[in-house]
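K.L.:
My structure is stored as final13.txt, with compact mmCIF, C-alpha atoms.
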```txt
# COMPACT_ATOMS: atom_id res chain seq x y z
CA MET A 1 -0.67 22.06 4.47
CA TYR A 2 3.11 22.13 4.53
CA ARG A 3 4.47 25.54 3.67
CA SER A 4 6.35 25.58 0.40
CA LEU A 5 8.90 28.21 1.43
CA VAL A 6 10.63 25.64 3.59
CA GLY A 7 10.62 22.70 1.22
CA ARG A 8 10.34 19.14 2.41
CA SER A 9 13.48 17.60 3.79
CA ALA A 10 13.38 13.92 4.50
CA ARG A 11 10.56 11.83 3.09
CA THR A 12 12.57 8.67 2.75
CA GLY A 13 10.98 6.46 5.33
CA ALA A 14 13.00 4.49 7.82
CA GLY A 15 11.99 0.94 7.04
CA LEU A 16 15.34 -0.69 6.36
CA ALA A 17 15.03 -4.26 7.63
CA ALA A 18 17.51 -5.51 10.19
CA ALA A 19 17.97 -8.55 7.98
CA GLY A 20 19.87 -6.35 5.55
CA ALA A 21 22.55 -5.65 8.09
CA VAL A 22 22.77 -9.34 8.97
CA LEU A 23 23.13 -10.27 5.30
CA LEU A 24 26.06 -7.91 4.98
CA LEU A 25 27.89 -9.66 7.77
CA ALA A 26 27.14 -12.99 6.16
CA GLY A 27 28.93 -11.88 3.00
CA CYS A 28 25.99 -12.34 0.65
CA SER A 29 26.30 -11.13 -2.90
CA SER A 30 24.37 -8.11 -4.11
CA ASP A 31 22.33 -10.07 -6.63
CA GLY A 32 20.59 -11.97 -3.83
CA ASP A 33 21.43 -15.44 -5.14
CA GLY A 34 22.98 -16.51 -1.86
CA ASP A 35 26.41 -17.24 -3.35
CA LYS A 36 28.77 -16.05 -0.66
CA ASN A 37 31.70 -16.32 -3.04
CA ALA A 38 30.24 -13.93 -5.61
CA GLN A 39 32.06 -10.65 -6.05
CA PRO A 40 30.16 -7.46 -5.20
CA VAL A 41 29.48 -5.09 -8.08
CA VAL A 42 30.93 -2.10 -6.20
CA SER A 43 34.04 -1.38 -4.15
CA GLN A 44 35.08 1.29 -1.67
CA GLN A 45 36.05 4.82 -2.65
CA PRO A 46 39.61 5.98 -1.88
CA LYS A 47 39.70 6.58 1.85
CA GLU A 48 41.65 9.84 1.62
CA ASN A 49 38.83 11.43 -0.40
CA ASP A 50 35.84 9.71 1.10
CA PRO A 51 36.13 7.74 4.33
CA TYR A 52 32.51 6.53 4.32
CA TRP A 53 31.46 2.96 3.67
CA VAL A 54 29.95 1.86 0.36
CA ASN A 55 27.31 -0.80 0.98
CA PRO A 56 27.98 -3.65 -1.49
CA ASP A 57 24.48 -4.97 -0.87
CA GLY A 58 22.58 -1.70 -1.29
CA LYS A 59 19.51 -1.26 -3.44
CA ALA A 60 21.46 0.34 -6.26
CA ALA A 61 24.00 -2.49 -6.29
CA ARG A 62 21.20 -5.04 -6.42
CA GLN A 63 19.62 -3.15 -9.29
CA ILE A 64 22.87 -3.28 -11.24
CA ALA A 65 23.04 -7.04 -10.79
CA ALA A 66 19.46 -7.38 -12.03
CA TYR A 67 20.09 -5.17 -15.07
CA ARG A 68 23.23 -7.09 -15.99
CA GLU A 69 21.39 -10.38 -15.71
CA ASN A 70 18.77 -9.03 -18.11
CA GLY A 71 21.39 -7.68 -20.52
CA GLU A 72 20.53 -4.02 -19.78
CA SER A 73 24.12 -2.83 -19.72
CA GLU A 74 23.35 0.84 -20.36
CA ASN A 75 21.00 1.05 -17.39
CA ALA A 76 23.50 -0.84 -15.26
CA GLU A 77 26.19 1.72 -16.05
CA LEU A 78 23.87 4.58 -15.15
CA ILE A 79 22.95 3.06 -11.80
CA MET A 80 26.64 2.48 -11.11
CA LYS A 81 26.92 6.27 -10.62
CA ILE A 82 24.78 5.77 -7.51
CA ALA A 83 25.93 2.36 -6.32
CA GLU A 84 29.62 3.26 -6.23
CA GLN A 85 29.08 6.09 -3.72
CA PRO A 86 28.46 5.79 0.03
CA VAL A 87 24.92 6.70 1.07
CA GLY A 88 23.17 7.05 4.40
CA GLU A 89 21.78 3.94 6.06
CA TRP A 90 18.43 4.86 7.63
CA ILE A 91 17.96 2.85 10.80
CA GLY A 92 14.55 1.23 11.02
CA PRO A 93 12.22 1.13 14.02
CA ASP A 94 12.15 -2.58 14.80
CA ASN A 95 15.70 -3.80 15.46
CA PRO A 96 17.93 -0.74 15.76
CA GLN A 97 20.74 -2.34 17.73
CA ALA A 98 21.21 -5.16 15.21
CA GLU A 99 21.11 -2.76 12.26
CA ALA A 100 23.55 -0.28 13.78
CA LYS A 101 25.87 -3.12 14.75
CA GLY A 102 25.66 -4.73 11.32
CA PHE A 103 26.39 -1.55 9.40
CA THR A 104 29.21 -0.37 11.66
CA GLU A 105 30.84 -3.80 11.76
CA ALA A 106 30.72 -4.05 7.97
CA ALA A 107 32.17 -0.55 7.68
CA THR A 108 34.92 -1.33 10.17
CA GLU A 109 35.83 -4.50 8.28
CA ALA A 110 36.31 -2.32 5.18
CA ASP A 111 38.28 0.25 7.24
CA ARG A 112 35.62 2.89 6.62
CA ASP A 113 33.18 4.95 8.67
CA ALA A 114 29.46 4.15 8.74
CA LEU A 115 27.00 6.90 7.79
CA LEU A 116 23.74 6.43 9.70
CA VAL A 117 20.50 8.41 9.67
CA LEU A 118 18.10 8.44 12.63
CA TYR A 119 14.53 9.31 11.64
CA ASN A 120 12.12 8.01 14.26
CA ILE A 121 11.05 11.02 16.33
CA PRO A 122 7.46 10.78 17.64
CA HIS A 123 4.87 12.56 15.48
CA ARG A 124 7.28 12.48 12.54
CA ASP A 125 6.43 14.37 9.34
CA CYS A 126 3.23 15.93 10.71
CA GLY A 127 1.13 13.00 9.50
CA GLN A 128 2.16 13.30 5.86
CA PHE A 129 4.01 10.96 3.44
CA SER A 130 6.59 9.78 5.99
CA LYS A 131 4.37 9.92 9.05
CA GLY A 132 5.15 7.63 11.94
CA GLY A 133 7.99 7.51 14.40
CA ALA A 134 8.30 6.08 17.89
CA ALA A 135 5.11 5.61 19.89
CA ASP A 136 6.15 8.04 22.61
CA GLY A 137 9.12 9.69 24.27
CA ASN A 138 10.16 6.67 26.29
CA ALA A 139 10.04 4.45 23.22
CA TYR A 140 12.22 6.93 21.36
CA ARG A 141 14.78 7.11 24.16
CA ALA A 142 14.99 3.33 24.23
CA TRP A 143 15.39 3.24 20.44
CA VAL A 144 18.25 5.75 20.48
CA ASP A 145 19.91 3.85 23.31
CA SER A 146 19.73 0.68 21.23
CA VAL A 147 21.29 2.45 18.24
CA ALA A 148 24.13 3.71 20.44
CA LYS A 149 24.74 0.24 21.84
CA GLY A 150 24.82 -1.14 18.30
CA ILE A 151 27.42 1.41 17.24
CA GLY A 152 29.65 0.62 20.20
CA ASP A 153 33.16 1.99 19.81
CA ARG A 154 33.16 1.76 16.01
CA ARG A 155 33.42 4.86 13.80
CA ALA A 156 30.09 6.30 12.78
CA THR A 157 28.62 9.61 11.62
CA VAL A 158 24.98 10.10 12.55
CA ILE A 159 22.58 12.52 10.86
CA LEU A 160 19.97 13.15 13.53
CA GLU A 161 16.27 13.53 12.76
CA PRO A 162 15.70 15.28 9.44
CA ASP A 163 12.89 17.86 9.71
CA ALA A 164 12.52 17.57 13.47
CA VAL A 165 13.70 21.07 14.40
CA LEU A 166 12.32 22.76 11.31
CA HIS A 167 8.86 21.37 11.96
CA LEU A 168 8.96 22.94 15.41
CA VAL A 169 9.82 26.32 13.96
CA ASP A 170 7.16 26.29 11.25
CA ASN A 171 4.55 24.85 13.67
CA CYS A 172 3.92 21.87 11.43
CA THR A 173 4.38 19.85 14.62
CA PRO A 174 1.57 20.69 17.08
CA GLN A 175 2.55 22.96 19.95
CA GLU A 176 1.79 20.41 22.65
CA PHE A 177 4.66 18.22 21.42
CA HIS A 178 7.34 20.93 21.26
CA GLU A 179 8.86 20.67 24.73
CA GLU A 180 9.08 16.89 24.53
CA ARG A 181 10.73 17.04 21.12
CA TYR A 182 13.40 19.47 22.28
CA ASP A 183 14.11 17.19 25.23
CA LEU A 184 14.26 14.09 23.01
CA LEU A 185 16.63 15.66 20.50
CA LYS A 186 18.98 17.00 23.15
CA GLY A 187 18.90 13.65 24.91
CA ALA A 188 19.66 11.84 21.67
CA VAL A 189 22.71 14.02 21.04
CA GLU A 190 23.96 13.39 24.57
CA ARG A 191 23.41 9.63 24.36
CA LEU A 192 25.06 9.21 20.98
CA LYS A 193 28.05 11.32 22.02
CA GLN A 194 28.75 8.84 24.80
CA GLN A 195 30.08 6.56 22.07
CA PRO A 196 33.78 7.37 21.69
CA ASN A 197 33.95 7.42 17.88
CA THR A 198 30.52 8.73 16.94
CA LYS A 199 29.96 12.10 15.30
CA VAL A 200 26.50 13.66 15.42
CA TYR A 201 25.05 16.28 13.08
CA LEU A 202 21.62 17.65 13.96
CA ASP A 203 19.40 18.42 10.98
CA ALA A 204 18.96 22.16 10.40
CA GLY A 205 16.73 22.40 7.34
CA ASN A 206 17.68 23.84 3.98
CA ALA A 207 18.37 27.01 2.04
CA GLY A 208 14.69 27.34 1.14
CA TRP A 209 14.02 28.53 4.66
CA SER A 210 13.79 32.31 4.34
CA ASN A 211 14.34 33.20 7.98
CA PRO A 212 17.51 31.68 9.47
CA ASP A 213 17.15 33.95 12.51
CA ALA A 214 14.22 31.80 13.61
CA LEU A 215 16.39 28.68 13.75
CA TYR A 216 19.27 29.68 16.05
CA GLU A 217 17.59 29.26 19.42
CA PRO A 218 15.61 26.15 18.47
CA LEU A 219 18.82 24.45 17.32
CA LYS A 220 20.49 25.34 20.62
CA ARG A 221 17.53 24.01 22.59
CA ALA A 222 17.75 20.80 20.58
CA GLY A 223 21.39 20.26 21.57
CA VAL A 224 23.38 21.44 18.55
CA GLU A 225 26.07 22.93 20.80
CA GLN A 226 26.79 19.44 22.19
CA ALA A 227 26.77 17.89 18.71
CA ASP A 228 29.65 17.90 16.25
CA GLY A 229 27.63 20.20 14.02
CA PHE A 230 24.50 20.29 11.89
CA ALA A 231 23.29 19.03 8.51
CA VAL A 232 21.65 21.05 5.75
CA ASN A 233 19.73 20.16 2.58
CA VAL A 234 18.87 16.64 3.70
CA SER A 235 16.78 15.03 0.94
CA ASN A 236 16.42 18.40 -0.74
CA PHE A 237 17.67 19.97 -3.95
CA TYR A 238 19.22 23.36 -3.17
CA PRO A 239 22.61 23.99 -4.82
CA THR A 240 25.73 23.45 -2.82
CA ASP A 241 26.74 27.12 -2.90
CA ALA A 242 23.33 28.18 -1.56
CA SER A 243 23.56 25.49 1.11
CA LYS A 244 26.99 26.76 2.13
CA GLN A 245 25.69 30.30 2.50
CA PHE A 246 22.77 29.09 4.55
CA GLY A 247 25.03 26.95 6.74
CA ARG A 248 27.48 29.79 7.34
CA LYS A 249 24.66 32.06 8.56
CA LEU A 250 23.60 29.43 11.05
CA SER A 251 27.16 28.69 12.11
CA GLU A 252 27.86 32.33 12.94
CA LYS A 253 25.11 32.31 15.56
CA ILE A 254 25.75 28.89 17.10
CA GLY A 255 29.38 29.06 18.06
CA GLY A 256 31.00 28.49 14.70
CA LYS A 257 29.69 24.96 14.44
CA HIS A 258 30.73 22.94 11.40
CA PHE A 259 28.16 21.39 9.09
CA VAL A 260 27.65 18.81 6.36
CA ILE A 261 25.65 19.17 3.14
CA ASP A 262 23.47 16.56 1.46
CA THR A 263 24.42 16.80 -2.21
CA SER A 264 22.72 13.60 -3.29
CA ARG A 265 20.18 15.14 -5.69
CA ASN A 266 21.08 18.82 -6.01
CA GLY A 267 22.87 18.69 -9.35
CA ASN A 268 20.15 20.69 -11.15
CA GLY A 269 18.90 22.66 -8.18
CA PRO A 270 15.29 22.74 -6.95
CA TYR A 271 12.22 22.13 -9.07
CA THR A 272 10.23 25.31 -9.71
CA GLN A 273 7.28 24.07 -11.78
CA GLY A 274 3.90 22.68 -10.80
CA ASP A 275 2.35 22.95 -7.35
CA PRO A 276 4.83 24.82 -5.09
CA ALA A 277 3.54 22.88 -2.10
CA GLU A 278 4.87 19.64 -3.62
CA ASN A 279 7.89 20.71 -5.65
CA TRP A 280 10.05 18.76 -3.18
CA CYS A 281 8.31 15.44 -3.92
CA ASN A 282 9.89 13.32 -6.68
CA PRO A 283 10.52 16.37 -8.88
CA PRO A 284 11.38 15.55 -12.49
CA GLY A 285 14.57 16.64 -14.19
CA ARG A 286 16.77 16.49 -11.09
CA ALA A 287 20.36 15.22 -11.08
CA LEU A 288 22.95 13.73 -8.79
CA GLY A 289 25.11 16.32 -7.04
CA GLU A 290 28.75 16.39 -5.99
CA PRO A 291 30.05 12.97 -4.97
CA PRO A 292 30.47 12.41 -1.23
CA THR A 293 33.80 13.66 0.08
CA THR A 294 35.42 15.21 3.12
CA ARG A 295 37.58 17.38 0.86
CA THR A 296 35.16 20.29 0.52
CA GLY A 297 37.66 23.17 0.37
CA ASP A 298 35.67 24.97 3.09
CA PRO A 299 36.86 24.86 6.71
CA LEU A 300 33.28 24.94 8.02
CA VAL A 301 31.95 22.18 5.75
CA ASP A 302 33.07 18.83 7.09
CA ALA A 303 31.67 16.79 4.20
CA TYR A 304 29.42 16.52 1.21
CA LEU A 305 27.25 13.49 1.91
CA TRP A 306 24.54 11.52 0.16
CA VAL A 307 22.17 11.35 3.11
CA LYS A 308 19.12 10.75 0.96
CA ARG A 309 19.63 7.57 -1.03
CA PRO A 310 19.24 8.54 -4.70
CA GLY A 311 16.56 6.46 -6.36
CA GLU A 312 14.33 6.13 -3.33
CA SER A 313 10.91 7.77 -3.55
CA ASP A 314 9.92 10.86 -1.59
CA GLY A 315 6.33 9.61 -1.42
CA ASP A 316 3.41 8.49 -3.54
CA CYS A 317 3.33 11.61 -5.69
CA LYS A 318 4.10 12.15 -9.40
CA GLY A 319 3.70 8.44 -10.00
CA GLY A 320 6.17 7.36 -7.34
CA PRO A 321 5.84 4.50 -4.84
CA LYS A 322 5.55 5.09 -1.11
CA ALA A 323 8.27 7.02 0.70
CA GLY A 324 11.53 5.13 0.92
CA ASP A 325 10.76 2.55 -1.77
CA TRP A 326 13.29 2.03 -4.53
CA TRP A 327 12.17 3.54 -7.86
CA PRO A 328 14.48 2.36 -10.67
CA GLN A 329 13.32 4.82 -13.31
CA TYR A 330 13.82 7.81 -11.02
CA ALA A 331 17.31 6.53 -10.20
CA ILE A 332 18.10 6.21 -13.91
CA ASP A 333 16.87 9.75 -14.56
CA LEU A 334 18.98 11.19 -11.73
CA ALA A 335 22.06 9.45 -13.09
CA ARG A 336 21.38 10.33 -16.73
CA ASN A 337 20.89 14.01 -15.86
CA SER A 338 24.09 14.26 -13.85
CA LYS A 339 27.32 15.56 -15.29
```
Please express what this file holds, its structure, as structure tokens.
P.N.:
Amino acid sequence: MYRSLVGRSARTGAGLAAAGAVLLLAGCSSDGDGDKNAQPVVSQQPKENDPYWVNPDGKAARQIAAYRENGESENAELIMKIAEQPVGEWIGPDNPQAEAKGFTEAATEADRDALLVLYNIPHRDCGQFSKGGAADGNAYRAWVDSVAKGIGDRRATVILEPDAVLHLVDNCTPQEFHEERYDLLKGAVERLKQQPNTKVYLDAGNAGWSNPDALYEPLKRAGVEQADGFAVNVSNFYPTDASKQFGRKLSEKIGGKHFVIDTSRNGNGPYTQGDPAENWCNPPGRALGEPPTTRTGDPLVDAYLWVKRPGESDGDCKGGPKAGDWWPQYAIDLARNSK
């Protein structure tokens, strides 16, 4: 059983089809009607505040189009709170080069940076809601290499392997896989950093972890010193201030590394009711957090990001669909509860 003191991090799944990236390059409209001349329902945020790319064909944008077609204007306006912000694009397992190329080319065309999430480490999620990952170490190395080739020399920020280090520390990942995982993570950092305009942030858990001292050496072994920094609160709900404090403690022990914070769903903080072992999974009453921005007011915090895509399920718990599937009602609730 996963230990509740850590809190689950990712749980989004990584099944974004490569066809989505291809559709973006083809200029398809977000309502899926194939009219290449249709105007997207969202536009880019001001670059000086938020340099990351808003996907005009994302799930939230498609939901807005569907609501408008059905005359559900109130719901459309609520979902706009999500659709108008840049969110992480989780690269799938099957065609990583095409996806990475499609997203980064679309971002470059809009003069923005792509935000990508890599979540395909072997033995992912300890066999739970988002279990899976590459078949073995060689398959993972080839997958990362394909992602890097797809990025090319375009600007991209990569969030690397939510949960992967934390699950080594808490022994959720079996001991016999530890050495390989450290090697794979360090190798992924090194490969991605060969791309001239790629930033890499290694996932470092969340403020629910009560023992930061246990994370310093594992993060170093996983290559954080070669990365641009680390990410905290990915797919979790801890407040931004708590995440800053947690990140600063880690930064002090790993060379003053900068970090980014996932603020996508932390507007009301973590859920404290029900079964503590599953208070991370589709908790009710949560809200959108601070909008993505690189203007954080903190020299160590490079950005607030929406790494987890608001409205996607954490797993088939509390009435939700499988991990990574779009859940319109949960998206509406997040938006309605936000300030």
K.L.:
To one decimal in Å, tell me the separation between atom CA of A:Lys186 and atom CA of A:Arg155.
P.N.:
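Value for the atom CA of A:Lys186-atom CA of A:Arg155 distance: 21.1 Å.
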K.L.:
Could you check how far atom CA of A:Asp145 sits from atom CA of A:Glu225, in Å to one decimal?
P.N.:
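Separating atom CA of A:Asp145 from atom CA of A:Glu225 is a distance of 20.2 Å.
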K.L.:
In the coordinate frame of the file, compute which residues have an atom within 6 Å of (27.2, 25.2, 9.4) when using only C-alpha atoms, and state them as a list in words.
P.N.:
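Returned residue set, sorted by chain then number, is Gly247, Arg248, Leu250, Ser251, Lys257, His258 and Phe259 of chain A.
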K.L.:
From the set A:Ala114, A:Ala207, A:Val41, A:Lys59, which residue has the shortest atom-to-atom contact distance to A:Asp325, counting only C-alpha atoms?
P.N.:
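Nearest candidate to A:Asp325 out of A:Ala114, A:Ala207, A:Val41, A:Lys59: A:Lys59.
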K.L.:
Would you kindly identify which residues have an atom no farther than 10 Å from (20.7, 23.5, 20.8), using all atoms listed in the file and the file's own coordinates, and write them out as a PDB file with C-alpha atoms, in the frame of the given file?
P.N.:
```pdb
ATOM      1  CA  VAL A 165      13.700  21.070  14.400  1.00  0.00           C
ATOM      2  CA  TYR A 182      13.400  19.470  22.280  1.00  0.00           C
ATOM      3  CA  LEU A 185      16.630  15.660  20.500  1.00  0.00           C
ATOM      4  CA  LYS A 186      18.980  17.000  23.150  1.00  0.00           C
ATOM      5  CA  VAL A 189      22.710  14.020  21.040  1.00  0.00           C
ATOM      6  CA  LEU A 202      21.620  17.650  13.960  1.00  0.00           C
ATOM      7  CA  LEU A 215      16.390  28.680  13.750  1.00  0.00           C
ATOM      8  CA  TYR A 216      19.270  29.680  16.050  1.00  0.00           C
ATOM      9  CA  GLU A 217      17.590  29.260  19.420  1.00  0.00           C
ATOM     10  CA  PRO A 218      15.610  26.150  18.470  1.00  0.00           C
ATOM     11  CA  LEU A 219      18.820  24.450  17.320  1.00  0.00           C
ATOM     12  CA  LYS A 220      20.490  25.340  20.620  1.00  0.00           C
ATOM     13  CA  ARG A 221      17.530  24.010  22.590  1.00  0.00           C
ATOM     14  CA  ALA A 222      17.750  20.800  20.580  1.00  0.00           C
ATOM     15  CA  GLY A 223      21.390  20.260  21.570  1.00  0.00           C
ATOM     16  CA  VAL A 224      23.380  21.440  18.550  1.00  0.00           C
ATOM     17  CA  GLU A 225      26.070  22.930  20.800  1.00  0.00           C
ATOM     18  CA  GLN A 226      26.790  19.440  22.190  1.00  0.00           C
ATOM     19  CA  ALA A 227      26.770  17.890  18.710  1.00  0.00           C
ATOM     20  CA  ILE A 254      25.750  28.890  17.100  1.00  0.00           C
TER      21      ILE A 254
END
```
K.L.:
Considering only C-alpha atoms, return as a ChimeraX atom specification whatever protein or nucleic-acid residues lie within 10 Å of A:Leu192, sequence-local ones (same chain, fewer than 5 positions apart) excluded.
P.N.:
/A:144-145,147-149,151-152,158,160,187,197-200,227
K.L.:
Write to file, as an mmCIF file, keeping the file's coordinate frame, the residues of the selection just made, with C-alpha atoms.
P.N.:
```
data_model
loop_
_atom_site.group_PDB
_atom_site.id
_atom_site.type_symbol
_atom_site.label_atom_id
_atom_site.label_comp_id
_atom_site.auth_asym_id
_atom_site.auth_seq_id
_atom_site.Cartn_x
_atom_site.Cartn_y
_atom_site.Cartn_z
ATOM 1 C CA VAL A 144 18.250 5.750 20.480
ATOM 2 C CA ASP A 145 19.910 3.850 23.310
ATOM 3 C CA VAL A 147 21.290 2.450 18.240
ATOM 4 C CA ALA A 148 24.130 3.710 20.440
ATOM 5 C CA LYS A 149 24.740 0.240 21.840
ATOM 6 C CA ILE A 151 27.420 1.410 17.240
ATOM 7 C CA GLY A 152 29.650 0.620 20.200
ATOM 8 C CA VAL A 158 24.980 10.100 12.550
ATOM 9 C CA LEU A 160 19.970 13.150 13.530
ATOM 10 C CA GLY A 187 18.900 13.650 24.910
ATOM 11 C CA ASN A 197 33.950 7.420 17.880
ATOM 12 C CA THR A 198 30.520 8.730 16.940
ATOM 13 C CA LYS A 199 29.960 12.100 15.300
ATOM 14 C CA VAL A 200 26.500 13.660 15.420
ATOM 15 C CA ALA A 227 26.770 17.890 18.710
#
```
K.L.:
Which residue is closest to A:Pro96? Choose from A:Val54, A:Asp111, A:Ala135, A:Ser146 and count all atoms listed in the file.
P.N.:
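For A:Pro96, the nearest of the candidates is A:Ser146.
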K.L.:
Can you pull out every residue within 6 Å of stretch 74-90 of chain A, counting all atoms listed in the file, but drop anything in the same chain fewer than 5 positions away, and send it as a list in words?
P.N.:
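Once the nearby chain positions are removed, what remains is Ala14, Val42, Tyr52, Trp53, Val54, Ala60, Ala61, Ile64, Tyr67, Leu115, Leu116, Val117, Trp306, Val307, Arg309 and Ala335 of chain A.
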K.L.:
When you draw a straight line from atom CA of A:Gln195 to atom CA of A:Asp113, how long is it in Å?
P.N.:
13.8 Å
K.L.:
Measuring atom to atom with all atoms listed in the file, identify which of A:Thr173, A:Gln63, A:Asn279, A:Asn266 is nearest to A:Lys339.
P.N.:
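When distances to A:Lys339 are compared using all atoms listed in the file, the smallest one comes from A:Asn266.
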K.L.:
Tell me, as a PyMOL selection string, which residues lie within 9 Å of A:Asn233, counting only C-alpha atoms; anything in the same chain fewer than 3 positions away does not count.
P.N.:
chain A and resi 9+203-208+236-240+243+260-263+266
K.L.:
Given the choices A:Ile121, A:Glu190, A:Gly150, A:Asn55, which gets closest to A:His178 if the distance is worked out from all atoms listed in the file?
P.N.:
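Of A:Ile121, A:Glu190, A:Gly150, A:Asn55, the one nearest A:His178 is A:Ile121, counting all atoms listed in the file.
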K.L.:
Identify which of the residues A:Gly255, A:Pro212, A:Pro196, A:Gly320 lies closest to A:Gly229, counting only C-alpha atoms when measuring atom-to-atom distances.
P.N.:
A:Gly255
K.L.:
Under the rule that all atoms listed in the file are counted, which of A:Ala214, A:Ala156, A:Ala134, A:Ala142 is the nearest residue to A:Lys193?
P.N.:
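Of A:Ala214, A:Ala156, A:Ala134, A:Ala142, the one nearest A:Lys193 is A:Ala156, counting all atoms listed in the file.
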